[in-house]
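Colleague: Quick one, entry-v3.cif (mmCIF, C-alpha atoms and all ligand atoms):
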data_entry
#
loop_
_atom_site.label_atom_id
_atom_site.label_comp_id
_atom_site.auth_asym_id
_atom_site.auth_seq_id
_atom_site.Cartn_x
_atom_site.Cartn_y
_atom_site.Cartn_z
CA MET K 197 0.00 0.00 0.00
CA ASN K 198 2.90 2.34 0.64
CA GLU K 199 4.06 1.88 -2.93
CA TYR K 200 0.59 2.89 -4.15
CA ASP K 201 0.49 5.82 -1.71
CA SER K 202 3.95 7.02 -2.75
CA ASN K 203 2.89 7.09 -6.40
CA ARG K 204 -0.27 8.99 -5.52
CA ILE K 205 1.68 11.49 -3.41
CA PHE K 206 3.86 12.05 -6.45
CA ASP K 207 0.75 12.59 -8.63
CA ILE K 208 -0.40 15.26 -6.15
CA THR K 209 2.93 17.09 -5.72
CA LYS K 210 3.39 17.16 -9.50
CA LYS K 211 0.56 19.74 -9.43
CA ILE K 212 2.83 22.23 -7.63
CA GLY K 213 5.78 21.58 -9.84
CA PHE K 214 7.72 18.78 -8.17
CA THR K 215 9.46 16.09 -10.20
CA LYS K 216 11.16 12.90 -9.04
CA THR K 217 14.92 12.64 -8.64
CA GLU K 218 17.16 9.66 -8.07
CA ASN K 219 19.87 11.97 -6.79
CA LEU K 220 19.46 12.73 -3.10
CA GLU K 221 21.93 15.61 -3.18
CA GLU K 222 19.92 17.66 -5.67
CA THR K 223 16.57 17.30 -3.89
CA ASN K 224 14.82 20.31 -2.38
CA CYS K 225 12.02 18.27 -0.84
CA TYR K 226 12.69 14.90 0.74
CA LEU K 227 9.70 12.71 1.60
CA LEU K 228 9.99 9.48 3.52
CA ASN K 229 6.89 7.27 3.33
CA THR K 230 7.11 5.01 6.36
CA CYS K 231 5.67 1.65 7.39
CA HIS K 232 4.96 0.84 11.02
CA ILE K 233 4.62 -2.90 10.41
CA ARG K 234 8.40 -3.13 10.10
CA ASP K 235 10.43 -3.92 13.17
CA LYS K 236 12.14 -0.87 14.74
CA ALA K 237 10.37 1.33 12.18
CA LYS K 238 10.66 4.50 14.26
CA GLU K 239 14.40 4.17 14.84
CA LYS K 240 14.98 3.52 11.13
CA VAL K 241 13.31 6.85 10.31
CA TYR K 242 15.63 8.83 12.62
CA HIS K 243 18.60 6.93 11.24
CA GLU K 244 17.58 7.83 7.70
CA ILE K 245 17.09 11.49 8.60
CA GLY K 246 20.59 11.46 10.12
CA ARG K 247 21.92 10.27 6.76
CA VAL K 248 20.14 13.09 4.89
CA LYS K 249 21.38 15.63 7.46
CA LYS K 250 24.98 14.60 6.82
CA LYS K 251 24.58 15.02 3.05
CA PHE K 252 23.25 18.55 3.50
CA LYS K 253 25.63 19.63 6.24
CA PHE K 254 27.13 22.41 4.10
CA LYS K 255 24.10 23.09 1.89
CA LYS K 256 20.61 24.53 2.18
CA LYS K 257 18.51 21.81 3.74
CA PRO K 258 15.59 20.30 1.78
CA ILE K 259 12.04 20.34 3.15
CA ILE K 260 11.82 17.13 5.14
CA ILE K 261 8.45 15.36 5.18
CA ILE K 262 7.69 12.17 7.09
CA ALA K 263 4.56 10.45 5.74
CA GLY K 264 2.89 7.10 6.41
CA CYS K 265 2.11 5.07 9.50
CA VAL K 266 5.13 5.99 11.63
CA ALA K 267 4.16 9.64 11.12
CA GLN K 268 0.60 8.79 12.17
CA ALA K 269 1.70 6.92 15.28
CA GLU K 270 4.37 9.37 16.43
CA ASN K 271 2.90 12.67 15.12
CA GLU K 272 4.37 15.89 16.57
CA GLU K 273 6.73 13.89 18.82
CA MET K 274 8.87 13.34 15.72
CA ILE K 275 9.41 17.07 15.21
CA LYS K 276 10.24 17.50 18.90
CA ARG K 277 12.81 14.71 18.79
CA GLU K 278 14.30 15.68 15.40
CA PRO K 279 13.79 19.37 14.55
CA TYR K 280 15.36 18.72 11.14
CA ILE K 281 11.90 17.32 10.20
CA ASP K 282 9.53 19.98 8.80
CA ILE K 283 6.23 18.23 8.15
CA VAL K 284 4.67 15.08 9.61
CA ILE K 285 1.70 13.80 7.60
CA GLY K 286 -0.41 10.70 8.24
CA PRO K 287 -1.60 8.28 5.52
CA GLN K 288 -5.16 9.62 5.66
CA ALA K 289 -4.09 13.23 5.16
CA TYR K 290 -1.69 13.18 2.23
CA HIS K 291 -4.25 14.86 -0.05
CA LYS K 292 -3.39 18.00 1.95
CA ILE K 293 0.31 17.72 1.23
CA ASN K 294 0.53 20.60 -1.29
CA ASP K 295 -1.15 23.00 1.14
CA LYS K 296 1.20 21.90 3.90
CA ILE K 297 4.28 22.39 1.73
CA LYS K 298 3.10 25.88 0.73
CA GLU K 299 2.23 26.74 4.33
CA HIS K 300 5.67 25.62 5.46
CA ILE K 301 7.44 27.64 2.74
CA ASP K 302 5.40 30.77 3.52
CA ASN K 303 5.60 30.68 7.32
CA GLN K 304 8.64 28.49 7.96
CA GLU K 305 6.51 26.61 10.50
CA LYS K 306 6.79 22.97 11.53
CA LEU K 307 3.54 21.17 10.70
CA ASP K 308 1.80 18.07 12.01
CA GLU K 309 -1.12 16.76 9.93
CA THR K 310 -2.28 13.43 11.28
CA GLU K 311 -6.08 13.47 11.17
CA PHE K 312 -8.09 10.44 10.08
CA ASP K 313 -9.85 11.92 7.08
CA THR K 314 -10.15 9.02 4.65
CA ILE K 315 -13.32 10.22 2.90
CA SER K 316 -11.97 13.61 1.86
CA LYS K 317 -8.65 12.00 0.89
CA PHE K 318 -10.33 9.76 -1.67
CA ASP K 319 -12.66 12.58 -2.79
CA TYR K 320 -9.55 14.57 -3.62
CA LEU K 321 -7.60 11.68 -5.16
CA ASN K 322 -10.45 10.77 -7.51
CA LYS K 323 -9.91 14.06 -9.27
CA ILE K 324 -6.24 13.36 -9.90
CA GLN K 325 -5.27 10.84 -12.52
CA ASN K 326 -3.27 7.84 -11.35
CA SER K 327 -0.12 8.09 -13.46
CA SER K 328 1.10 4.53 -12.89
CA LYS K 329 2.31 3.11 -16.19
CA LYS K 330 3.60 -0.18 -14.87
CA VAL K 331 2.46 -3.44 -16.43
CA SER K 332 1.25 -4.48 -12.97
CA SER K 333 -0.26 -1.79 -10.80
CA PHE K 334 -1.81 -1.50 -7.35
CA LEU K 335 -5.24 0.04 -6.86
CA THR K 336 -6.44 0.84 -3.33
CA ILE K 337 -10.09 -0.04 -2.79
CA GLN K 338 -10.28 -0.02 0.97
CA GLU K 339 -8.31 1.32 3.90
CA GLY K 340 -8.20 0.84 7.64
CA CYS K 341 -9.38 -2.03 9.78
CA ASP K 342 -11.95 -2.66 12.53
CA LYS K 343 -10.68 -6.07 13.59
CA PHE K 344 -8.08 -5.10 16.21
CA CYS K 345 -5.89 -8.19 16.19
CA HIS K 346 -3.86 -7.85 19.36
CA PHE K 347 -0.49 -7.70 17.61
CA CYS K 348 -1.34 -5.21 14.87
CA VAL K 349 -0.94 -1.41 14.60
CA VAL K 350 -3.09 -0.93 11.50
CA PRO K 351 -6.36 0.03 13.27
CA TYR K 352 -4.40 2.74 15.11
CA THR K 353 -2.38 4.05 12.18
CA ARG K 354 -4.82 3.67 9.27
CA GLY K 355 -8.03 4.21 11.24
CA PRO K 356 -11.44 2.53 10.82
CA GLU K 357 -12.44 0.58 7.73
CA HIS K 358 -13.41 2.72 4.78
CA SER K 359 -14.33 1.45 1.31
CA ARG K 360 -14.04 3.65 -1.78
CA SER K 361 -17.03 3.93 -4.05
CA PHE K 362 -17.49 1.23 -6.69
CA LYS K 363 -17.63 3.73 -9.54
CA GLU K 364 -14.45 5.56 -8.50
CA ILE K 365 -12.52 2.29 -8.40
CA ILE K 366 -13.78 1.19 -11.82
CA ASP K 367 -12.91 4.61 -13.26
CA GLU K 368 -9.39 4.33 -11.83
CA ALA K 369 -9.04 0.80 -13.23
CA LYS K 370 -10.08 2.07 -16.68
CA SER K 371 -7.66 4.94 -16.48
CA LEU K 372 -4.85 2.54 -15.46
CA SER K 373 -5.66 0.30 -18.43
CA GLU K 374 -5.41 3.35 -20.72
CA ASN K 375 -1.90 3.92 -19.29
CA GLY K 376 -0.89 0.41 -20.39
CA VAL K 377 -1.51 -1.45 -17.12
CA LYS K 378 -2.32 -5.14 -17.70
CA GLU K 379 -2.58 -6.47 -14.17
CA ILE K 380 -4.44 -4.85 -11.28
CA ILE K 381 -3.75 -5.76 -7.68
CA LEU K 382 -6.66 -4.56 -5.56
CA LEU K 383 -5.37 -3.34 -2.25
CA GLY K 384 -6.68 -2.93 1.25
CA GLN K 385 -5.57 -3.68 4.79
CA ASN K 386 -8.64 -5.87 4.89
CA VAL K 387 -9.40 -6.03 1.20
CA ASN K 388 -12.14 -8.67 1.28
CA ALA K 389 -14.10 -6.64 3.85
CA TYR K 390 -14.74 -4.20 0.98
CA ASN K 391 -18.33 -3.01 1.12
CA SER K 392 -19.64 0.09 -0.60
CA ASN K 393 -23.43 0.36 -0.98
CA ASP K 394 -23.57 -3.44 -0.95
CA TYR K 395 -20.98 -3.78 -3.70
CA ARG K 396 -18.45 -6.36 -2.54
CA LEU K 397 -14.97 -7.35 -3.66
CA SER K 398 -16.55 -10.05 -5.86
CA ASP K 399 -18.53 -7.37 -7.76
CA LEU K 400 -15.39 -5.31 -8.30
CA ILE K 401 -13.43 -8.26 -9.68
CA LEU K 402 -16.19 -9.17 -12.11
CA GLU K 403 -16.58 -5.57 -13.28
CA ILE K 404 -12.83 -4.95 -13.74
CA GLU K 405 -12.66 -8.20 -15.67
CA LYS K 406 -14.82 -6.55 -18.36
CA ILE K 407 -11.98 -4.13 -19.20
CA ARG K 408 -10.49 -5.84 -22.24
CA GLU K 409 -6.90 -4.64 -21.74
CA ILE K 410 -6.73 -5.96 -18.16
CA LYS K 411 -5.44 -9.53 -18.30
CA ARG K 412 -4.98 -10.40 -14.64
CA ILE K 413 -6.61 -9.46 -11.32
CA ARG K 414 -5.30 -10.10 -7.81
CA TYR K 415 -6.17 -8.78 -4.36
CA THR K 416 -4.36 -8.44 -1.08
CA THR K 417 -4.50 -8.65 1.96
CA SER K 418 -7.51 -10.58 3.03
CA HIS K 419 -8.93 -11.90 6.29
CA PRO K 420 -10.26 -15.49 6.63
CA ARG K 421 -13.54 -14.23 8.15
CA ASP K 422 -14.32 -12.22 5.04
CA MET K 423 -13.90 -15.08 2.56
CA THR K 424 -17.63 -14.98 1.79
CA GLU K 425 -19.46 -17.33 -0.59
CA ASP K 426 -19.75 -14.67 -3.31
CA LEU K 427 -15.97 -14.19 -3.29
CA ILE K 428 -15.29 -17.93 -3.32
CA ASN K 429 -17.76 -18.23 -6.18
CA VAL K 430 -15.80 -15.67 -8.24
CA TYR K 431 -13.17 -18.38 -8.74
CA SER K 432 -15.70 -20.44 -10.68
CA ILE K 433 -16.83 -17.54 -12.88
CA SER K 434 -13.86 -15.24 -13.41
CA LYS K 435 -11.37 -15.79 -16.22
CA LYS K 436 -8.94 -13.18 -14.95
CA ILE K 437 -8.66 -13.80 -11.20
CA MET K 438 -5.30 -15.48 -10.52
CA PRO K 439 -5.21 -18.89 -8.82
CA LEU K 440 -3.01 -17.82 -5.89
CA VAL K 441 -5.01 -17.02 -2.74
CA HIS K 442 -3.01 -15.07 -0.18
CA LEU K 443 -4.95 -15.62 3.03
CA PRO K 444 -3.11 -14.87 6.28
CA VAL K 445 -3.86 -17.46 8.97
CA GLN K 446 -1.11 -16.44 11.49
CA SER K 447 -1.35 -19.67 13.55
CA GLY K 448 -2.65 -23.22 13.22
CA SER K 449 -3.88 -23.25 16.82
CA ASP K 450 -7.35 -22.02 17.78
CA ARG K 451 -6.08 -21.21 21.27
CA ILE K 452 -3.45 -18.85 19.84
CA LEU K 453 -5.88 -17.38 17.31
CA LYS K 454 -8.12 -16.52 20.27
CA LEU K 455 -5.22 -14.93 22.16
CA MET K 456 -4.44 -12.94 19.01
CA ASN K 457 -8.10 -11.84 18.77
CA ARG K 458 -8.20 -13.10 15.18
CA LYS K 459 -11.91 -14.01 15.31
CA HIS K 460 -11.58 -17.05 13.05
CA LEU K 461 -11.06 -20.77 13.58
CA VAL K 462 -8.62 -23.13 11.89
CA ARG K 463 -11.43 -25.43 10.72
CA ASP K 464 -13.16 -22.53 8.91
CA TYR K 465 -9.88 -21.68 7.21
CA ILE K 466 -9.53 -25.29 6.03
CA LYS K 467 -13.15 -25.26 4.83
CA THR K 468 -12.42 -22.20 2.67
CA TYR K 469 -9.36 -23.96 1.27
CA GLU K 470 -11.36 -27.08 0.45
CA LYS K 471 -14.17 -25.13 -1.21
CA LEU K 472 -11.70 -23.32 -3.45
CA LYS K 473 -9.89 -26.53 -4.31
CA MET K 474 -13.24 -28.07 -5.27
CA ILE K 475 -13.81 -25.20 -7.67
CA ASN K 476 -10.35 -25.33 -9.17
CA GLN K 477 -7.69 -27.91 -8.25
CA SER K 478 -4.90 -25.64 -9.46
CA ILE K 479 -5.62 -22.95 -6.83
CA GLU K 480 -2.79 -22.65 -4.32
CA PHE K 481 -2.54 -20.78 -1.02
CA SER K 482 0.04 -18.50 0.53
CA SER K 483 -0.14 -17.06 4.03
CA ASP K 484 1.41 -15.08 6.88
CA PHE K 485 2.59 -16.74 10.10
CA ILE K 486 3.50 -15.23 13.45
CA ILE K 487 5.70 -17.70 15.28
CA ALA K 488 6.19 -17.76 19.07
CA TYR K 489 3.27 -15.46 19.84
CA PRO K 490 3.16 -14.92 23.64
CA GLY K 491 1.60 -18.02 25.20
CA GLU K 492 2.42 -20.34 22.26
CA GLU K 493 3.13 -23.84 23.60
CA GLU K 494 4.73 -26.76 21.77
CA LYS K 495 1.30 -28.23 20.97
CA ASP K 496 0.17 -24.91 19.41
CA PHE K 497 3.33 -24.74 17.37
CA LYS K 498 2.82 -28.33 16.22
CA ALA K 499 -0.72 -27.40 15.12
CA THR K 500 0.80 -24.66 12.92
CA LEU K 501 3.24 -27.15 11.39
CA ASP K 502 0.38 -29.59 10.77
CA LEU K 503 -1.65 -26.90 9.01
CA ILE K 504 1.32 -26.03 6.81
CA LYS K 505 1.77 -29.70 5.88
CA ASN K 506 -1.94 -30.05 5.20
CA ILE K 507 -2.42 -26.96 2.99
CA LYS K 508 1.06 -27.00 1.42
CA PHE K 509 1.31 -23.20 1.15
CA ILE K 510 3.49 -22.38 -1.82
CA ASN K 511 4.78 -18.99 -0.81
CA SER K 512 4.44 -17.40 2.63
CA PHE K 513 5.76 -14.85 5.08
CA SER K 514 6.81 -16.02 8.54
CA PHE K 515 8.24 -14.00 11.41
CA ILE K 516 8.94 -14.36 15.11
CA PHE K 517 6.46 -12.25 17.06
CA SER K 518 7.83 -8.81 17.85
CA PRO K 519 5.77 -6.31 19.84
CA ARG K 520 4.47 -3.10 18.29
CA PRO K 521 4.06 -0.17 20.68
CA GLY K 522 0.47 0.66 21.54
CA THR K 523 -0.97 -2.79 20.72
CA VAL K 524 -2.53 -5.15 23.28
CA ALA K 525 0.20 -7.73 22.69
CA SER K 526 3.01 -5.25 23.31
CA GLY K 527 2.89 -5.84 27.09
CA LEU K 528 2.91 -9.66 26.96
CA ASN K 529 5.78 -11.91 28.02
CA LEU K 530 7.97 -12.95 25.11
CA ILE K 531 8.90 -16.56 24.47
CA ASP K 532 12.55 -17.49 24.95
CA LYS K 533 14.65 -16.36 21.95
CA LYS K 534 16.23 -19.77 21.32
CA ILE K 535 12.87 -21.54 21.34
CA SER K 536 11.38 -18.89 19.04
CA LEU K 537 14.25 -19.20 16.59
CA ARG K 538 14.08 -22.99 16.54
CA ARG K 539 10.34 -22.84 15.80
CA LEU K 540 10.82 -20.28 13.04
CA GLU K 541 13.53 -22.40 11.41
CA LYS K 542 11.24 -25.45 11.42
CA VAL K 543 8.34 -23.51 9.94
CA GLN K 544 10.47 -21.91 7.27
CA LYS K 545 12.05 -25.20 6.29
CA GLN K 546 8.59 -26.65 5.74
CA LEU K 547 7.39 -23.59 3.83
CA PHE K 548 10.52 -23.38 1.68
CA ASP K 549 10.33 -27.11 0.88
CA HIS K 550 6.82 -26.60 -0.52
CA GLN K 551 7.96 -23.58 -2.49
CA ILE K 552 10.91 -25.46 -4.01
CA LEU K 553 8.73 -28.47 -4.83
CA MET K 554 6.11 -26.28 -6.50
CA ASN K 555 8.77 -24.58 -8.64
CA LYS K 556 10.40 -27.91 -9.53
CA SER K 557 7.03 -29.27 -10.63
CA LEU K 558 6.95 -26.57 -13.33
CA GLU K 559 10.27 -27.51 -14.90
CA ASN K 560 9.89 -28.65 -18.53
CA LYS K 561 6.35 -27.27 -18.56
CA GLU K 562 4.93 -24.34 -20.51
CA ILE K 563 3.46 -21.68 -18.26
CA GLU K 564 1.80 -18.31 -18.83
CA VAL K 565 3.87 -15.29 -17.85
CA LEU K 566 2.89 -11.63 -17.78
CA VAL K 567 6.04 -9.90 -19.01
CA GLU K 568 6.87 -6.79 -16.97
CA ASN K 569 10.23 -5.58 -18.29
CA LYS K 570 13.65 -6.31 -19.70
CA THR K 571 16.19 -6.85 -16.91
CA LYS K 572 18.97 -4.28 -16.61
CA GLU K 573 21.81 -6.62 -15.84
CA SER K 574 21.35 -9.14 -18.65
CA ASN K 575 19.51 -9.36 -21.90
CA LYS K 576 16.76 -11.38 -20.27
CA PHE K 577 13.13 -10.55 -19.56
CA PHE K 578 11.26 -10.48 -16.27
CA GLY K 579 7.68 -11.48 -15.63
CA ARG K 580 5.44 -13.27 -13.17
CA SER K 581 3.68 -16.60 -13.28
CA GLU K 582 0.02 -16.94 -12.33
CA TYR K 583 1.28 -17.74 -8.82
CA MET K 584 3.30 -14.50 -8.58
CA THR K 585 6.62 -16.34 -8.91
CA SER K 586 9.36 -14.35 -10.64
CA VAL K 587 10.26 -15.70 -14.07
CA ILE K 588 13.50 -14.77 -15.85
CA PHE K 589 13.60 -15.84 -19.45
CA ASP K 590 14.92 -15.34 -22.95
CA GLY K 591 12.33 -13.42 -24.90
CA ASN K 592 11.89 -10.38 -27.08
CA ASP K 593 10.93 -6.73 -26.69
CA GLU K 594 7.44 -7.05 -28.23
CA GLU K 595 6.47 -9.43 -25.43
CA VAL K 596 6.65 -6.76 -22.69
CA GLY K 597 3.12 -6.08 -21.43
CA ASN K 598 1.75 -9.36 -22.83
CA VAL K 599 0.92 -12.72 -21.37
CA VAL K 600 3.24 -15.16 -23.14
CA LYS K 601 4.03 -18.85 -22.95
CA VAL K 602 7.39 -19.65 -21.40
CA LYS K 603 9.00 -23.06 -21.23
CA ILE K 604 10.56 -23.48 -17.78
CA LYS K 605 13.98 -25.09 -17.84
CA ASN K 606 15.24 -24.53 -14.34
CA SER K 607 14.18 -23.20 -10.95
CA ASN K 608 15.27 -22.31 -7.46
CA GLN K 609 13.29 -21.39 -4.36
CA ASN K 610 12.20 -17.97 -5.60
CA THR K 611 12.62 -17.92 -9.37
CA LEU K 612 11.77 -19.84 -12.51
CA PHE K 613 14.11 -19.70 -15.52
CA GLY K 614 13.09 -20.41 -19.09
CA GLU K 615 12.61 -19.38 -22.67
CA SER K 616 9.69 -17.80 -24.46
CA LEU K 617 8.04 -20.23 -26.89
CA LYS K 618 7.92 -17.57 -29.58
CA LEU K 619 11.68 -17.13 -29.38
CA LYS K 620 12.16 -20.87 -29.43
CA ARG K 621 10.14 -21.18 -32.64
CA ARG K 622 11.99 -18.27 -34.22
CA VAL K 623 15.38 -19.84 -33.47
CA ALA K 624 14.21 -23.22 -34.82
S1 LIG S 701 -7.23 -7.94 10.29
FE1 LIG S 701 -5.18 -7.48 9.47
S2 LIG S 701 -5.04 -5.24 9.43
FE2 LIG S 701 -6.78 -5.75 10.74
S3 LIG S 701 -5.96 -5.78 12.82
FE3 LIG S 701 -5.85 -7.88 12.06
S4 LIG S 701 -3.80 -8.09 11.12
FE4 LIG S 701 -4.21 -5.88 11.41
#
Please re-express this file's structure in structure tokens.
Ligand code: SF4
Modeller:
Amino acid sequence: MNEYDSNRIFDITKKIGFTKTENLEETNCYLLNTCHIRDKAKEKVYHEIGRVKKKFKFKKKPIIIIAGCVAQAENEEMIKREPYIDIVIGPQAYHKINDKIKEHIDNQEKLDETEFDTISKFDYLNKIQNSSKKVSSFLTIQEGCDKFCHFCVVPYTRGPEHSRSFKEIIDEAKSLSENGVKEIILLGQNVNAYNSNDYRLSDLILEIEKIREIKRIRYTTSHPRDMTEDLINVYSISKKIMPLVHLPVQSGSDRILKLMNRKHLVRDYIKTYEKLKMINQSIEFSSDFIIAYPGEEEKDFKATLDLIKNIKFINSFSFIFSPRPGTVASGLNLIDKKISLRRLEKVQKQLFDHQILMNKSLENKEIEVLVENKTKESNKFFGRSEYMTSVIFDGNDEEVGNVVKVKIKNSNQNTLFGESLKLKRRVA
């Protein structure tokens, strides 16, 4: 979501004459879009500002703006701790960024803008064209969360759930397709809770699918409780929804899910998996796991391992629990470091084994790849499989932006290597 937000912030600041630069030393406005999900996020921001400060030691300093969730969580405290910072702006207020920049230039004041104002943000953004020209582009449909999992900062930093209007999203999808976008990844902290005048995520997928130029549709990140029948049913109707379901489960133990305040049960998760598999055997799952959550016993951990073996997730994120300030779980007793690490290693081994096996199973097969670009380092091309796996292959320039058939010759844990069939025929 931060990548989407950063692009939109750029679309807004373009209006007052800013352009992007790769060269830090020539910048006159430096904006850091931060993520609070990351470990030690706050300290990383101050470290980064220290780096900028050094570069400008003997020069006029740029306007320093801290945006995103760390800005939201820390607000004016950031300016007090580091007066080099000029503006702190939360994720729900970045539509006001041009006014804040002007205000700062005019009055040389330090400014803190961290209100939760999601509705006016999207009202403003709808009037500004999304300039993303990537083959695969994000599109935010929903922000915030009302679920309050005990480990998570999102409800505090992104505010309550808010869904954008159906029409605005479809208009943005059309405009992206006119820019050359071929794949849309619908975004939300709780994307499948999308609900705008009874339009659900399923309705959005089926409507976007009608845009001829859009070849692939994905969504992230979803919650098991919101995997409703209409959404499951989309997998039997849609021709463009991709067969990888990223559905964070966090733990395979109901006792831990309850301690986490996840509000879903393992058996319901498995039921969703089975229903989707019934619709289409080639659907695969990926997930997020928090290992060694406070209170996790060996039997809970074993339940997580069993779930992983049962579902055979092909691509997942797993981390040892680390507390986030302000959350319910931040005051709980941590599990011994050695035990946590041992559990994480076991989980990751299992997850990586599935990933490697999945990739191996594609060797010598022809798969469909959406080609995103030519790689800089070599003369190869980069794209993604239906399961989001990176594919590096021999191809040709006309294939960029198209879904092409690639014969996979080799693989490792994260990447598939191959050759475009068109190229193969041409050589033959
Ligand atoms: S559902 Fe997701 S975003 Fe919401 S509180 Fe839980 S982990 Fe955070």
Colleague: May I have the centre and edge lengths, in Å to one decimal, of an axis-aligned box around the listed atoms of stretch 559-568 of chain K with 5 Å added to every side, as JSON?
Modeller:
{"center_x": 6.0, "center_y": -17.7, "center_z": -17.7, "size_x": 18.5, "size_y": 31.9, "size_z": 15.6}
Colleague: Give me the chain K side of the contact with ligand LIG 701 (chain S), cut-off 10 Å, one line per residue showing its nearest atom pair and distance in Å at one decimal, counting all atoms listed in the file, sorted by chain and residue number, as CSV.
Modeller:
residue,atom,partner,partner_atom,distance
K:Ile233,CA,S:LIG701,FE4,9.4
K:Glu339,CA,S:LIG701,S2,9.2
K:Gly340,CA,S:LIG701,S2,7.1
K:Cys341,CA,S:LIG701,FE2,4.6
K:Asp342,CA,S:LIG701,FE2,6.3
K:Lys343,CA,S:LIG701,S3,4.8
K:Phe344,CA,S:LIG701,S3,4.1
K:Cys345,CA,S:LIG701,FE3,4.1
K:His346,CA,S:LIG701,S3,7.2
K:Phe347,CA,S:LIG701,S4,7.3
K:Cys348,CA,S:LIG701,FE4,4.5
K:Val349,CA,S:LIG701,FE4,6.4
K:Val350,CA,S:LIG701,FE4,5.1
K:Pro351,CA,S:LIG701,S3,5.8
K:Tyr352,CA,S:LIG701,S3,9.0
K:Arg354,CA,S:LIG701,S2,8.9
K:Pro356,CA,S:LIG701,FE2,9.5
K:Glu357,CA,S:LIG701,FE2,9.0
K:Gly384,CA,S:LIG701,S2,8.7
K:Gln385,CA,S:LIG701,S2,4.9
K:Asn386,CA,S:LIG701,S2,5.8
K:Val387,CA,S:LIG701,S2,9.3
K:Ala389,CA,S:LIG701,S1,9.5
K:Thr417,CA,S:LIG701,FE1,7.6
K:Ser418,CA,S:LIG701,FE1,7.5
K:His419,CA,S:LIG701,S1,5.9
K:Pro420,CA,S:LIG701,S1,8.9
K:Arg421,CA,S:LIG701,S1,9.2
K:Asp422,CA,S:LIG701,S1,9.8
K:Pro444,CA,S:LIG701,FE1,8.3
K:Val445,CA,S:LIG701,S4,9.6
K:Gln446,CA,S:LIG701,S4,8.8
K:Met456,CA,S:LIG701,FE3,8.7
K:Asn457,CA,S:LIG701,FE3,8.1
K:Arg458,CA,S:LIG701,FE3,6.5
K:Lys459,CA,S:LIG701,S1,9.2
K:Asp484,CA,S:LIG701,S4,9.7
K:Thr523,CA,S:LIG701,S3,9.8
Colleague: Would you list the contacts of K:Phe362 as a ChimeraX atom specification, taking every protein, DNA or RNA residue within 12 Å and counting only C-alpha atoms, but skipping same-chain residues closer than 6 positions in sequence?
Modeller: /K:322,336-338,368-369,390-404
Colleague: Please return, as a PyMOL selection string, all polymer residues that have at least one atom within 12 Å of the point (19.9, 18.0, 6.1); use all atoms listed in the file and the file's own coordinate frame.
Modeller: chain K and resi 220-226+244-261+278-282
Colleague: Could you name the residues that touch K:Val377 at 12 Å or less, counting only C-alpha atoms, but leaving out those on the same chain fewer than 5 positions away, as a PyMOL selection string?
Modeller: chain K and resi 326-335+368-372+407-413+566-568+596-598
Colleague: Add whatever atoms are absent from stretch 428-439 of chain K to reach N, CA and C atoms, and provide the output as a short mmCIF file (atom, residue, chain, number, x, y, z; two decimals), in the coordinates of the input.
Modeller:
data_model
loop_
_atom_site.label_atom_id
_atom_site.label_comp_id
_atom_site.auth_asym_id
_atom_site.auth_seq_id
_atom_site.Cartn_x
_atom_site.Cartn_y
_atom_site.Cartn_z
N ILE K 428 -15.75 -16.58 -2.96
CA ILE K 428 -15.29 -17.93 -3.32
C ILE K 428 -15.84 -18.29 -4.71
N ASN K 429 -17.09 -17.91 -4.92
CA ASN K 429 -17.76 -18.23 -6.18
C ASN K 429 -17.11 -17.55 -7.39
N VAL K 430 -16.48 -16.39 -7.14
CA VAL K 430 -15.80 -15.67 -8.24
C VAL K 430 -14.80 -16.59 -8.94
N TYR K 431 -14.19 -17.50 -8.17
CA TYR K 431 -13.17 -18.38 -8.74
C TYR K 431 -13.78 -19.37 -9.74
N SER K 432 -15.10 -19.54 -9.69
CA SER K 432 -15.70 -20.44 -10.68
C SER K 432 -16.21 -19.66 -11.90
N ILE K 433 -16.30 -18.33 -11.76
CA ILE K 433 -16.83 -17.54 -12.88
C ILE K 433 -15.73 -16.78 -13.62
N SER K 434 -14.82 -16.18 -12.83
CA SER K 434 -13.86 -15.24 -13.41
C SER K 434 -12.80 -15.93 -14.27
N LYS K 435 -12.45 -15.26 -15.37
CA LYS K 435 -11.37 -15.79 -16.22
C LYS K 435 -10.07 -15.07 -15.94
N LYS K 436 -10.14 -14.00 -15.14
CA LYS K 436 -8.94 -13.18 -14.95
C LYS K 436 -8.41 -13.20 -13.51
N ILE K 437 -9.17 -13.74 -12.58
CA ILE K 437 -8.66 -13.80 -11.20
C ILE K 437 -7.55 -14.88 -11.15
N MET K 438 -6.43 -14.56 -10.53
CA MET K 438 -5.30 -15.48 -10.52
C MET K 438 -5.49 -16.57 -9.46
N PRO K 439 -4.91 -17.75 -9.69
CA PRO K 439 -5.21 -18.89 -8.82
C PRO K 439 -4.39 -18.95 -7.53
#
